[in-house]
$ cat work-v6.csv   # CSV, C-alpha atoms
chain,number,residue,atom,x,y,z
A,1,ALA,CA,-52.0,-47.3,-173.5
A,2,GLY,CA,-48.9,-47.2,-171.4
A,3,ASP,CA,-48.9,-43.4,-171.4
A,4,ASP,CA,-52.5,-43.3,-170.4
A,5,ALA,CA,-52.0,-45.6,-167.6
A,6,GLU,CA,-49.0,-43.6,-166.4
A,7,LEU,CA,-51.3,-40.5,-166.2
A,8,GLY,CA,-54.0,-42.4,-164.3
A,9,LEU,CA,-56.6,-42.2,-167.1
A,10,VAL,CA,-57.3,-45.9,-167.5
A,11,ALA,CA,-60.5,-47.3,-166.0
A,12,GLN,CA,-60.0,-50.8,-164.6
A,13,LYS,CA,-61.8,-53.2,-162.4
A,14,GLN,CA,-60.7,-53.5,-158.8
A,15,LYS,CA,-59.4,-56.9,-157.7
A,16,THR,CA,-62.2,-58.9,-156.0
A,17,GLY,CA,-61.2,-60.1,-152.6
A,18,ALA,CA,-63.2,-61.6,-149.7
A,19,GLY,CA,-66.2,-59.5,-149.0
A,20,SER,CA,-65.6,-57.1,-151.8
A,21,SER,CA,-67.3,-56.7,-155.2
A,22,ALA,CA,-66.0,-55.8,-158.6
A,23,ALA,CA,-66.3,-52.1,-159.6
A,24,LEU,CA,-64.8,-49.7,-162.0
A,25,ALA,CA,-62.1,-47.4,-160.6
A,26,VAL,CA,-59.5,-45.0,-161.9
A,27,ALA,CA,-55.9,-46.2,-161.6
A,28,GLN,CA,-54.1,-44.0,-159.0
A,29,PRO,CA,-51.1,-42.1,-160.3
A,30,SER,CA,-47.9,-42.2,-158.3
A,31,SER,CA,-46.8,-39.3,-156.3
A,32,ARG,CA,-44.1,-38.3,-158.8
A,33,GLN,CA,-46.6,-37.6,-161.5
A,34,LYS,CA,-47.7,-34.0,-162.2
A,35,PHE,CA,-51.2,-34.7,-163.6
A,36,LYS,CA,-53.7,-36.1,-161.1
A,37,PRO,CA,-57.1,-36.5,-162.6
A,38,GLY,CA,-59.8,-36.4,-159.9
A,39,ALA,CA,-57.3,-35.4,-157.3
A,40,HIS,CA,-58.0,-31.7,-157.5
A,41,GLN,CA,-60.7,-30.0,-155.3
A,42,ARG,CA,-63.9,-29.0,-157.0
A,43,THR,CA,-64.1,-25.4,-157.8
A,44,SER,CA,-67.9,-24.9,-158.6
A,45,SER,CA,-71.3,-25.8,-157.3
A,46,LEU,CA,-72.1,-28.0,-160.4
A,47,ASP,CA,-73.2,-31.5,-159.5
A,48,ALA,CA,-70.3,-32.8,-161.6
A,49,PRO,CA,-67.2,-31.1,-163.2
A,50,ILE,CA,-69.0,-31.3,-166.6
A,51,MET,CA,-72.8,-31.2,-167.1
A,52,LEU,CA,-74.4,-32.0,-170.5
A,53,LEU,CA,-77.7,-30.3,-171.3
A,54,GLU,CA,-79.7,-31.9,-174.0
A,55,GLY,CA,-83.1,-30.8,-175.3
A,56,HIS,CA,-82.6,-28.7,-178.4
A,57,GLU,CA,-83.7,-30.2,-181.7
A,58,ASP,CA,-81.2,-28.4,-183.9
A,59,ALA,CA,-78.0,-26.4,-183.6
A,60,VAL,CA,-77.6,-24.3,-180.5
A,61,THR,CA,-76.3,-20.8,-181.4
A,62,CYS,CA,-76.3,-18.9,-178.1
A,63,VAL,CA,-75.8,-19.4,-174.4
A,64,GLU,CA,-76.0,-16.8,-171.6
A,65,PHE,CA,-76.0,-17.0,-167.8
A,66,SER,CA,-78.5,-14.9,-165.8
A,67,PRO,CA,-76.9,-12.1,-163.8
A,68,ASP,CA,-77.5,-14.0,-160.5
A,69,GLY,CA,-75.9,-17.2,-162.0
A,70,ALA,CA,-78.9,-19.4,-161.1
A,71,THR,CA,-80.2,-19.9,-164.7
A,72,VAL,CA,-78.6,-20.4,-168.1
A,73,ALA,CA,-80.5,-19.5,-171.3
A,74,THR,CA,-79.9,-21.2,-174.6
A,75,ALA,CA,-81.4,-20.8,-178.1
A,76,GLY,CA,-80.8,-21.9,-181.6
A,77,ALA,CA,-81.9,-23.1,-185.0
A,78,ASP,CA,-85.0,-24.9,-183.6
A,79,LYS,CA,-86.5,-21.4,-183.0
A,80,THR,CA,-86.8,-22.0,-179.2
A,81,LEU,CA,-85.5,-20.4,-176.1
A,82,HIS,CA,-84.7,-22.7,-173.2
A,83,LEU,CA,-84.1,-21.9,-169.6
A,84,TRP,CA,-82.1,-24.4,-167.4
A,85,ASN,CA,-81.2,-24.5,-163.7
A,86,VAL,CA,-77.4,-24.2,-163.3
A,87,ARG,CA,-77.3,-26.2,-160.1
A,88,GLY,CA,-78.7,-29.6,-159.3
A,89,GLU,CA,-79.4,-31.8,-162.3
A,90,CYS,CA,-79.6,-28.7,-164.6
A,91,GLU,CA,-83.3,-29.2,-165.4
A,92,ASN,CA,-84.8,-27.6,-168.4
A,93,PHE,CA,-87.6,-25.8,-166.7
A,94,MET,CA,-88.9,-23.6,-169.4
A,95,MET,CA,-89.1,-23.5,-173.2
A,96,CYS,CA,-90.3,-20.4,-175.1
A,97,ARG,CA,-91.6,-20.4,-178.7
A,98,GLY,CA,-92.5,-17.4,-180.9
A,99,HIS,CA,-89.8,-16.8,-183.4
A,100,LYS,CA,-90.5,-18.0,-187.0
A,101,ASN,CA,-86.8,-18.7,-187.7
A,102,ALA,CA,-83.6,-19.5,-185.9
A,103,ILE,CA,-82.5,-17.5,-182.9
A,104,LEU,CA,-79.1,-16.0,-183.5
A,105,ASP,CA,-78.4,-14.1,-180.3
A,106,LEU,CA,-79.8,-13.5,-176.9
A,107,ARG,CA,-79.1,-11.3,-173.8
A,108,TRP,CA,-80.4,-11.0,-170.3
A,109,THR,CA,-81.5,-7.6,-169.1
A,110,ALA,CA,-79.3,-6.1,-166.3
A,111,ASP,CA,-81.9,-6.9,-163.6
A,112,GLY,CA,-82.3,-10.5,-164.8
A,113,ASP,CA,-86.1,-10.2,-165.2
A,114,ASP,CA,-86.2,-10.4,-169.0
A,115,LEU,CA,-84.4,-11.7,-172.0
A,116,VAL,CA,-84.0,-10.3,-175.5
A,117,THR,CA,-83.6,-12.5,-178.6
A,118,CYS,CA,-83.1,-11.8,-182.3
A,119,SER,CA,-83.7,-13.8,-185.4
A,120,PRO,CA,-83.6,-14.0,-189.2
A,121,ASP,CA,-87.4,-13.5,-189.1
A,122,THR,CA,-86.4,-9.8,-188.9
A,123,THR,CA,-87.6,-9.3,-185.3
A,124,LEU,CA,-86.3,-9.0,-181.8
A,125,ARG,CA,-88.5,-10.4,-179.0
A,126,LEU,CA,-88.6,-9.6,-175.3
A,127,TRP,CA,-89.4,-12.5,-172.9
A,128,ASP,CA,-90.4,-12.5,-169.2
A,129,ALA,CA,-87.9,-14.8,-167.5
A,130,ALA,CA,-90.3,-15.7,-164.7
A,131,THR,CA,-93.3,-16.8,-166.8
A,132,GLY,CA,-91.7,-17.4,-170.3
A,133,ALA,CA,-94.3,-15.0,-171.8
A,134,GLN,CA,-93.4,-13.0,-174.9
A,135,THR,CA,-94.0,-9.4,-173.8
A,136,LYS,CA,-92.8,-7.5,-176.8
A,137,THR,CA,-92.0,-7.9,-180.5
A,138,MET,CA,-89.6,-5.4,-182.0
A,139,LYS,CA,-90.2,-4.9,-185.7
A,140,GLY,CA,-88.5,-2.6,-188.1
A,141,HIS,CA,-85.5,-4.4,-189.7
A,142,ALA,CA,-85.8,-5.5,-193.3
A,143,GLY,CA,-83.3,-8.3,-193.1
A,144,PHE,CA,-81.9,-11.0,-190.8
A,145,VAL,CA,-81.2,-9.6,-187.3
A,146,ASN,CA,-77.8,-11.1,-186.5
A,147,ALA,CA,-77.0,-9.7,-183.1
A,148,CYS,CA,-78.3,-7.8,-180.2
A,149,ASP,CA,-77.1,-6.3,-176.9
A,150,VAL,CA,-78.7,-4.8,-173.8
A,151,SER,CA,-77.5,-1.7,-171.9
A,152,ARG,CA,-75.6,-2.6,-168.7
A,153,ARG,CA,-77.3,0.3,-166.9
A,154,ALA,CA,-80.1,-1.0,-164.7
A,155,GLY,CA,-83.4,0.5,-165.7
A,156,ALA,CA,-82.1,2.0,-169.0
A,157,GLY,CA,-84.3,-0.4,-171.1
A,158,LEU,CA,-82.2,0.1,-174.2
A,159,VAL,CA,-81.4,-2.6,-176.8
A,160,VAL,CA,-79.2,-2.4,-179.9
A,161,SER,CA,-79.5,-4.7,-182.9
A,162,GLY,CA,-77.5,-5.3,-186.1
A,163,SER,CA,-79.0,-6.6,-189.3
A,164,ASP,CA,-78.3,-7.7,-192.9
A,165,ASP,CA,-80.4,-4.7,-194.0
A,166,ARG,CA,-77.1,-2.7,-193.3
A,167,THR,CA,-78.5,-0.8,-190.3
A,168,TRP,CA,-78.2,-0.9,-186.6
A,169,LYS,CA,-81.2,0.1,-184.5
A,170,LEU,CA,-81.6,1.4,-181.0
A,171,TRP,CA,-84.8,0.3,-179.1
A,172,ASP,CA,-86.3,1.5,-175.9
A,173,MET,CA,-88.2,-1.5,-174.4
A,174,ARG,CA,-90.9,1.0,-173.2
A,175,VAL,CA,-91.6,2.2,-176.8
A,176,LYS,CA,-93.2,0.3,-179.6
A,177,ARG,CA,-90.8,1.1,-182.5
A,178,ALA,CA,-87.0,1.7,-182.8
A,179,VAL,CA,-86.0,5.1,-181.4
A,180,MET,CA,-82.9,5.3,-183.7
A,181,SER,CA,-82.0,3.7,-187.0
A,182,THR,CA,-78.5,4.2,-188.5
A,183,HIS,CA,-77.4,3.1,-191.9
A,184,ASP,CA,-74.0,1.4,-191.6
A,185,GLY,CA,-73.3,0.7,-195.3
A,186,PHE,CA,-72.7,-3.0,-194.9
A,187,PRO,CA,-74.5,-5.9,-193.1
A,188,VAL,CA,-74.0,-5.7,-189.4
A,189,THR,CA,-73.2,-9.0,-187.6
A,190,ALA,CA,-72.0,-7.9,-184.1
A,191,VAL,CA,-73.1,-5.2,-181.7
A,192,ALA,CA,-72.2,-4.1,-178.2
A,193,PHE,CA,-73.1,-1.2,-175.8
A,194,GLY,CA,-70.4,0.9,-174.2
A,195,ALA,CA,-70.1,0.8,-170.4
A,196,ASP,CA,-72.2,3.9,-169.8
A,197,GLY,CA,-74.8,3.2,-172.4
A,198,ASN,CA,-73.9,6.3,-174.4
A,199,ALA,CA,-71.9,4.5,-177.1
A,200,VAL,CA,-72.6,1.6,-179.4
A,201,PHE,CA,-70.0,-0.6,-181.1
A,202,THR,CA,-70.8,-2.3,-184.4
A,203,GLY,CA,-69.0,-4.7,-186.7
A,204,GLY,CA,-69.8,-6.8,-189.8
A,205,VAL,CA,-69.0,-7.6,-193.3
A,206,GLU,CA,-66.9,-4.4,-193.7
A,207,GLU,CA,-64.3,-5.9,-191.3
A,208,VAL,CA,-64.2,-2.6,-189.4
A,209,VAL,CA,-65.2,-2.0,-185.8
A,210,LYS,CA,-67.1,1.3,-185.4
A,211,MET,CA,-68.0,3.2,-182.3
A,212,TRP,CA,-71.0,5.5,-182.4
A,213,ASP,CA,-71.6,8.3,-179.8
A,214,LEU,CA,-75.3,8.3,-179.1
A,215,ARG,CA,-75.1,11.7,-177.4
A,216,ALA,CA,-73.7,13.4,-180.4
A,217,MET,CA,-76.2,11.7,-182.7
A,218,SER,CA,-79.4,12.4,-180.8
A,219,GLY,CA,-79.0,14.2,-177.5
A,220,SER,CA,-78.6,12.4,-174.2
A,221,VAL,CA,-79.5,8.8,-173.7
A,222,THR,CA,-80.7,9.6,-170.2
A,223,GLU,CA,-83.3,12.0,-171.5
A,224,GLY,CA,-84.6,9.6,-174.1
A,225,PHE,CA,-84.6,9.7,-177.9
A,226,ALA,CA,-87.0,11.1,-180.4
A,227,SER,CA,-87.6,8.5,-183.1
A,228,SER,CA,-85.0,9.2,-185.8
A,229,SER,CA,-83.3,7.7,-188.8
A,230,SER,CA,-79.9,8.7,-190.0
A,231,SER,CA,-78.1,7.8,-193.2
A,232,LYS,CA,-75.4,10.5,-192.8
A,233,ALA,CA,-74.3,9.8,-189.2
A,234,ALA,CA,-70.6,9.1,-188.9
A,235,PRO,CA,-68.9,6.9,-186.3
A,236,SER,CA,-66.7,8.6,-183.7
A,237,MET,CA,-64.1,5.9,-183.8
A,238,THR,CA,-63.1,3.2,-186.3
A,239,LEU,CA,-60.9,0.2,-185.5
A,240,ARG,CA,-59.2,-1.6,-188.4
A,241,GLY,CA,-57.3,-4.9,-188.3
A,242,HIS,CA,-59.7,-7.8,-189.1
A,243,ALA,CA,-59.4,-9.3,-192.5
A,244,ASP,CA,-62.8,-10.9,-192.7
A,245,THR,CA,-66.3,-10.5,-191.2
A,246,ILE,CA,-66.6,-9.7,-187.6
A,247,THR,CA,-68.7,-12.4,-186.0
A,248,GLY,CA,-68.9,-11.4,-182.3
A,249,MET,CA,-67.9,-8.7,-179.9
A,250,ARG,CA,-68.1,-8.2,-176.1
A,251,LEU,CA,-67.1,-5.3,-173.9
A,252,SER,CA,-64.8,-6.1,-171.0
A,253,PRO,CA,-66.2,-6.1,-167.4
A,254,ASP,CA,-64.4,-2.8,-166.6
A,255,GLY,CA,-65.7,-1.2,-169.8
A,256,LEU,CA,-62.2,-0.2,-171.1
A,257,ARG,CA,-61.6,-2.9,-173.7
A,258,LEU,CA,-63.6,-4.5,-176.5
A,259,LEU,CA,-63.1,-8.1,-177.6
A,260,THR,CA,-63.9,-8.9,-181.2
A,261,ASN,CA,-64.0,-12.2,-183.0
A,262,GLY,CA,-63.4,-12.4,-186.8
A,263,ALA,CA,-63.9,-14.9,-189.6
A,264,ASP,CA,-60.2,-14.3,-190.3
A,265,ASP,CA,-59.6,-16.8,-187.4
A,266,ALA,CA,-58.4,-14.1,-185.0
A,267,MET,CA,-59.7,-12.3,-181.9
A,268,ARG,CA,-58.6,-8.8,-181.1
A,269,VAL,CA,-58.6,-6.9,-177.8
A,270,TRP,CA,-59.0,-3.1,-178.4
A,271,ASP,CA,-58.5,-0.2,-176.0
A,272,VAL,CA,-61.7,1.8,-176.3
A,273,ARG,CA,-60.9,4.5,-173.7
A,274,PRO,CA,-61.6,8.0,-175.0
A,275,TYR,CA,-57.9,8.9,-174.9
A,276,CYS,CA,-55.3,6.3,-176.0
A,277,GLU,CA,-51.7,6.6,-177.0
A,278,GLY,CA,-50.5,4.3,-179.8
A,279,ASP,CA,-52.2,1.4,-181.4
A,280,ARG,CA,-55.6,0.7,-180.0
A,281,CYS,CA,-55.3,-3.1,-180.8
A,282,GLU,CA,-53.6,-4.4,-177.6
A,283,ARG,CA,-53.7,-8.1,-178.4
A,284,LEU,CA,-54.1,-10.4,-181.3
A,285,ILE,CA,-55.4,-13.9,-180.2
A,286,ARG,CA,-55.3,-17.0,-182.4
A,287,GLY,CA,-55.9,-20.7,-182.1
A,288,HIS,CA,-59.5,-21.2,-183.1
A,289,ASN,CA,-61.0,-21.2,-186.6
A,290,HIS,CA,-64.3,-20.5,-188.3
A,291,GLY,CA,-63.9,-23.1,-191.0
A,292,PHE,CA,-65.5,-22.9,-194.4
A,293,GLU,CA,-68.9,-22.2,-192.9
A,294,LYS,CA,-67.8,-18.8,-191.6
A,295,ALA,CA,-70.4,-19.2,-188.9
A,296,LEU,CA,-71.2,-16.3,-186.4
A,297,LEU,CA,-68.9,-17.5,-183.7
A,298,ARG,CA,-69.3,-15.4,-180.6
A,299,CYS,CA,-66.8,-14.6,-177.8
A,300,ALA,CA,-66.8,-13.9,-174.0
A,301,TRP,CA,-64.9,-12.3,-171.2
A,302,SER,CA,-64.5,-13.9,-167.7
A,303,PRO,CA,-66.1,-11.7,-164.9
A,304,ASP,CA,-62.7,-10.6,-163.7
A,305,GLY,CA,-61.5,-9.8,-167.3
A,306,ALA,CA,-58.5,-12.2,-166.9
A,307,ARG,CA,-59.7,-14.7,-169.6
A,308,VAL,CA,-61.4,-14.6,-172.9
A,309,ALA,CA,-63.1,-17.5,-174.7
A,310,SER,CA,-64.5,-18.6,-178.1
A,311,GLY,CA,-65.9,-21.6,-179.8
A,312,SER,CA,-64.4,-23.0,-183.0
A,313,SER,CA,-65.3,-25.1,-186.0
A,314,CYS,CA,-62.7,-27.7,-184.9
A,315,ARG,CA,-65.3,-28.7,-182.2
A,316,ASN,CA,-63.2,-27.3,-179.3
A,317,VAL,CA,-63.7,-24.5,-176.8
A,318,PHE,CA,-60.7,-22.2,-176.4
A,319,VAL,CA,-59.9,-20.2,-173.3
A,320,TRP,CA,-57.0,-17.7,-173.4
A,321,ASP,CA,-55.2,-15.5,-170.9
A,322,ALA,CA,-56.4,-12.1,-171.9
A,323,SER,CA,-53.1,-10.3,-171.1
A,324,SER,CA,-50.7,-12.7,-172.9
A,325,GLY,CA,-53.0,-14.3,-175.5
A,326,LYS,CA,-51.7,-17.7,-174.3
A,327,ILE,CA,-54.1,-20.6,-174.6
A,328,GLU,CA,-55.1,-21.9,-171.2
A,329,TYR,CA,-57.7,-24.5,-172.2
A,330,LYS,CA,-58.6,-26.3,-175.3
A,331,LEU,CA,-61.7,-28.2,-174.3
A,332,PRO,CA,-63.1,-31.1,-176.4
A,333,GLY,CA,-66.6,-32.7,-176.1
A,334,HIS,CA,-68.7,-31.1,-178.8
A,335,LEU,CA,-69.4,-33.1,-182.0
A,336,GLY,CA,-69.7,-30.0,-184.3
A,337,THR,CA,-68.9,-26.3,-184.5
A,338,VAL,CA,-69.1,-24.5,-181.2
A,339,HIS,CA,-71.1,-21.4,-181.8
A,340,ALA,CA,-71.1,-19.6,-178.5
A,341,VAL,CA,-69.5,-19.6,-175.0
A,342,ALA,CA,-70.3,-17.8,-171.8
A,343,PHE,CA,-68.7,-17.4,-168.4
A,344,HIS,CA,-70.7,-17.8,-165.2
A,345,PRO,CA,-70.9,-14.4,-163.4
A,346,SER,CA,-69.5,-15.6,-160.0
A,347,GLU,CA,-68.1,-19.1,-160.3
A,348,PRO,CA,-65.4,-20.7,-162.6
A,349,ILE,CA,-68.0,-22.2,-164.9
A,350,LEU,CA,-67.9,-22.0,-168.7
A,351,GLY,CA,-70.9,-22.7,-170.9
A,352,SER,CA,-70.7,-23.7,-174.5
A,353,ALA,CA,-73.3,-24.2,-177.3
A,354,GLY,CA,-72.8,-26.2,-180.5
A,355,ALA,CA,-74.1,-27.3,-183.8
A,356,ASP,CA,-74.4,-30.8,-182.3
A,357,ARG,CA,-77.5,-29.6,-180.4
A,358,ARG,CA,-75.5,-29.9,-177.1
A,359,VAL,CA,-74.8,-27.5,-174.3
A,360,PHE,CA,-72.0,-28.1,-171.9
A,361,LEU,CA,-71.4,-26.5,-168.5
A,362,GLY,CA,-67.9,-27.2,-167.2
A,363,GLU,CA,-65.9,-26.0,-164.3
A,364,LEU,CA,-62.4,-24.4,-164.7
A,365,ALA,CA,-59.6,-24.2,-162.3
A,366,GLU,CA,-59.6,-21.0,-160.2

$ encode --input "work-v6.csv" --output "structure tokens"
Amino acid sequence: AGDDAELGLVAQKQKTGAGSSAALAVAQPSSRQKFKPGAHQRTSSLDAPIMLLEGHEDAVTCVEFSPDGATVATAGADKTLHLWNVRGECENFMMCRGHKNAILDLRWTADGDDLVTCSPDTTLRLWDAATGAQTKTMKGHAGFVNACDVSRRAGAGLVVSGSDDRTWKLWDMRVKRAVMSTHDGFPVTAVAFGADGNAVFTGGVEEVVKMWDLRAMSGSVTEGFASSSSSKAAPSMTLRGHADTITGMRLSPDGLRLLTNGADDAMRVWDVRPYCEGDRCERLIRGHNHGFEKALLRCAWSPDGARVASGSSCRNVFVWDASSGKIEYKLPGHLGTVHAVAFHPSEPILGSAGADRRVFLGELAE
């Protein structure tokens, strides 16, 4: 208790004097102490440094901020998609139903007008962010759809998905069926688009990251695809290093590096530029763990590319310096495995979603 008091962490009642009333207060640390809780300036527009969002009825598996940062979307095992205001009291202003099984991944479109979700019910679904209406159901997979991603190029309308049926599929939101289906050989659990939308990265049970050149496989993305299925297509790049299932991946904001999360309790940063000298694995990052569940733990980059983050089965959220791999934050609060994390697009805010049905929004130091 003495150590806590020295750090100014003990809540105590103020002395009651004439004309004053009893109240809880935080003991003030002396000027010689390094750590001063509450003394730092706020860094975000959140109503409080930490906001707790409750409303899901089962584990929350994904969290994503809208491109304008005004809304955060969450989804999970209760088969529902929730939209929350980031500012104010973080009201849950919309709940969308439609999936027949858990939602495993979600993405906002580049313009922020729509969201894409995927599920073990073998479908992907497109939602109107303004009305909550389901505007499209994408059918074609024959197994759990584990992951999805949306092209960064505004107006491209392209979605990629990875499934337990050992395929990844490319979808054009303006077309009814998948415009490309490629056999990967193993269940696919993580996918990501390249920066220009002309490449797709996949990873899964095979423990290998693969890059697929869409132009070489079926002409130019900008000209559209004819519906095709390929079992003989070969990746243009393979990245080896993980020793267990790849559970998440994200392209860096500058499009030059790929972050992957593995059930081997390691994250790796890969140089995915066309021409690279030496080992493409730039950084091996450790600290978190997947536990015996081997859950699909996702990962995230900060908007400036300086930090990376992941959840963990130890109930903490980890934030690392992307260049050094040093842990900057180990954030407690969740009561179960933390499945997903997301950085706010313009403020130092980190969102996290866990098996405890909770979603936290917390501000970081700038």

$ atom_distance --input "work-v6.csv" --atom1 "CA of Asp47 in chain A" --atom2 "CA of Ser346 in chain A"
16.3 Å

$ residues_around --input "work-v6.csv" --residues "range 56-68 of chain A" --least-positions-apart "4" --cutoff "9 Å" --atoms "all atoms listed in the file" --output "mmCIF file with C-alpha atoms, keeping the file's coordinate frame"
data_model
loop_
_atom_site.group_PDB
_atom_site.id
_atom_site.type_symbol
_atom_site.label_atom_id
_atom_site.label_comp_id
_atom_site.auth_asym_id
_atom_site.auth_seq_id
_atom_site.Cartn_x
_atom_site.Cartn_y
_atom_site.Cartn_z
ATOM 1 C CA VAL A 72 -78.600 -20.400 -168.100
ATOM 2 C CA ALA A 73 -80.500 -19.500 -171.300
ATOM 3 C CA THR A 74 -79.900 -21.200 -174.600
ATOM 4 C CA ALA A 75 -81.400 -20.800 -178.100
ATOM 5 C CA GLY A 76 -80.800 -21.900 -181.600
ATOM 6 C CA ALA A 77 -81.900 -23.100 -185.000
ATOM 7 C CA ASP A 78 -85.000 -24.900 -183.600
ATOM 8 C CA LYS A 79 -86.500 -21.400 -183.000
ATOM 9 C CA THR A 80 -86.800 -22.000 -179.200
ATOM 10 C CA HIS A 82 -84.700 -22.700 -173.200
ATOM 11 C CA VAL A 86 -77.400 -24.200 -163.300
ATOM 12 C CA ALA A 102 -83.600 -19.500 -185.900
ATOM 13 C CA ILE A 103 -82.500 -17.500 -182.900
ATOM 14 C CA LEU A 104 -79.100 -16.000 -183.500
ATOM 15 C CA ASP A 105 -78.400 -14.100 -180.300
ATOM 16 C CA LEU A 106 -79.800 -13.500 -176.900
ATOM 17 C CA ARG A 107 -79.100 -11.300 -173.800
ATOM 18 C CA TRP A 108 -80.400 -11.000 -170.300
ATOM 19 C CA THR A 109 -81.500 -7.600 -169.100
ATOM 20 C CA ALA A 110 -79.300 -6.100 -166.300
ATOM 21 C CA ASP A 111 -81.900 -6.900 -163.600
ATOM 22 C CA GLY A 112 -82.300 -10.500 -164.800
ATOM 23 C CA ASP A 113 -86.100 -10.200 -165.200
ATOM 24 C CA LEU A 296 -71.200 -16.300 -186.400
ATOM 25 C CA LEU A 297 -68.900 -17.500 -183.700
ATOM 26 C CA ARG A 298 -69.300 -15.400 -180.600
ATOM 27 C CA VAL A 338 -69.100 -24.500 -181.200
ATOM 28 C CA HIS A 339 -71.100 -21.400 -181.800
ATOM 29 C CA ALA A 340 -71.100 -19.600 -178.500
ATOM 30 C CA VAL A 341 -69.500 -19.600 -175.000
ATOM 31 C CA ALA A 342 -70.300 -17.800 -171.800
ATOM 32 C CA PHE A 343 -68.700 -17.400 -168.400
ATOM 33 C CA HIS A 344 -70.700 -17.800 -165.200
ATOM 34 C CA PRO A 345 -70.900 -14.400 -163.400
ATOM 35 C CA SER A 346 -69.500 -15.600 -160.000
ATOM 36 C CA GLY A 351 -70.900 -22.700 -170.900
ATOM 37 C CA SER A 352 -70.700 -23.700 -174.500
ATOM 38 C CA ALA A 353 -73.300 -24.200 -177.300
ATOM 39 C CA GLY A 354 -72.800 -26.200 -180.500
ATOM 40 C CA ALA A 355 -74.100 -27.300 -183.800
ATOM 41 C CA ASP A 356 -74.400 -30.800 -182.300
ATOM 42 C CA ARG A 357 -77.500 -29.600 -180.400
ATOM 43 C CA ARG A 358 -75.500 -29.900 -177.100
ATOM 44 C CA VAL A 359 -74.800 -27.500 -174.300
#

$ residues_around --input "work-v6.csv" --residues "range 307-313 of chain A" --least-positions-apart "4" --cutoff "6 Å" --atoms "only C-alpha atoms" --output "list in words"
His288, Asn289, His290, Gly291, Cys299, Ala300, Trp301, Ser302, Val317, Phe318, Val319, Trp320, Asp321, Ala322, Thr337, Val338, His339, Ala340 and Val341 of chain A

$ residues_near_point --input "work-v6.csv" --point "(-59.7, -10.8, -176.2)" --cutoff "7 Å" --atoms "only C-alpha atoms" --output "list in words"
Leu259, Thr260, Met267, Arg268, Val269, Arg283, Ile285, Val308 and Ala322 of chain A

$ closest_residue --input "work-v6.csv" --among "A:Met51, A:Ala190, A:Thr43, A:Glu347" --to "Phe360 in chain A" --atoms "only C-alpha atoms"
A:Met51

$ residues_around --input "work-v6.csv" --residues "Gly98 in chain A" --least-positions-apart "6" --cutoff "12 Å" --atoms "all atoms listed in the file" --output "list of chain:residue names"
A:Ala75, A:Asp78, A:Lys79, A:Thr80, A:Leu81, A:Thr117, A:Cys118, A:Ser119, A:Asp121, A:Thr123, A:Leu124, A:Arg125, A:Leu126, A:Trp127, A:Gly132, A:Ala133, A:Gln134, A:Thr135, A:Lys136, A:Thr137

$ write_last_selection --input "work-v6.csv" --atoms "C-alpha atoms" --output "PDB file, in the frame of the given file"
ATOM      1  CA  ALA A  75     -81.400 -20.800-178.100  1.00  0.00           C
ATOM      2  CA  ASP A  78     -85.000 -24.900-183.600  1.00  0.00           C
ATOM      3  CA  LYS A  79     -86.500 -21.400-183.000  1.00  0.00           C
ATOM      4  CA  THR A  80     -86.800 -22.000-179.200  1.00  0.00           C
ATOM      5  CA  LEU A  81     -85.500 -20.400-176.100  1.00  0.00           C
ATOM      6  CA  THR A 117     -83.600 -12.500-178.600  1.00  0.00           C
ATOM      7  CA  CYS A 118     -83.100 -11.800-182.300  1.00  0.00           C
ATOM      8  CA  SER A 119     -83.700 -13.800-185.400  1.00  0.00           C
ATOM      9  CA  ASP A 121     -87.400 -13.500-189.100  1.00  0.00           C
ATOM     10  CA  THR A 123     -87.600  -9.300-185.300  1.00  0.00           C
ATOM     11  CA  LEU A 124     -86.300  -9.000-181.800  1.00  0.00           C
ATOM     12  CA  ARG A 125     -88.500 -10.400-179.000  1.00  0.00           C
ATOM     13  CA  LEU A 126     -88.600  -9.600-175.300  1.00  0.00           C
ATOM     14  CA  TRP A 127     -89.400 -12.500-172.900  1.00  0.00           C
ATOM     15  CA  GLY A 132     -91.700 -17.400-170.300  1.00  0.00           C
ATOM     16  CA  ALA A 133     -94.300 -15.000-171.800  1.00  0.00           C
ATOM     17  CA  GLN A 134     -93.400 -13.000-174.900  1.00  0.00           C
ATOM     18  CA  THR A 135     -94.000  -9.400-173.800  1.00  0.00           C
ATOM     19  CA  LYS A 136     -92.800  -7.500-176.800  1.00  0.00           C
ATOM     20  CA  THR A 137     -92.000  -7.900-180.500  1.00  0.00           C
TER      21      THR A 137
END

$ atom_distance --input "work-v6.csv" --atom1 "CA of Asn198 in chain A" --atom2 "CA of Asp264 in chain A"
29.4 Å

$ closest_residue --input "work-v6.csv" --among "A:Ala195, A:Val272, A:Met237, A:Val208" --to "Gly255 in chain A" --atoms "only C-alpha atoms"
A:Ala195

$ residues_around --input "work-v6.csv" --residues "Leu364 in chain A" --least-positions-apart "5" --cutoff "9 Å" --atoms "all atoms listed in the file" --output "PyMOL selection string"
chain A and resi 43-44+49+329+347-350

$ write_last_selection --input "work-v6.csv" --atoms "C-alpha atoms" --output "PDB file, in the frame of the given file"
ATOM      1  CA  THR A  43     -64.100 -25.400-157.800  1.00  0.00           C
ATOM      2  CA  SER A  44     -67.900 -24.900-158.600  1.00  0.00           C
ATOM      3  CA  PRO A  49     -67.200 -31.100-163.200  1.00  0.00           C
ATOM      4  CA  TYR A 329     -57.700 -24.500-172.200  1.00  0.00           C
ATOM      5  CA  GLU A 347     -68.100 -19.100-160.300  1.00  0.00           C
ATOM      6  CA  PRO A 348     -65.400 -20.700-162.600  1.00  0.00           C
ATOM      7  CA  ILE A 349     -68.000 -22.200-164.900  1.00  0.00           C
ATOM      8  CA  LEU A 350     -67.900 -22.000-168.700  1.00  0.00           C
TER       9      LEU A 350
END
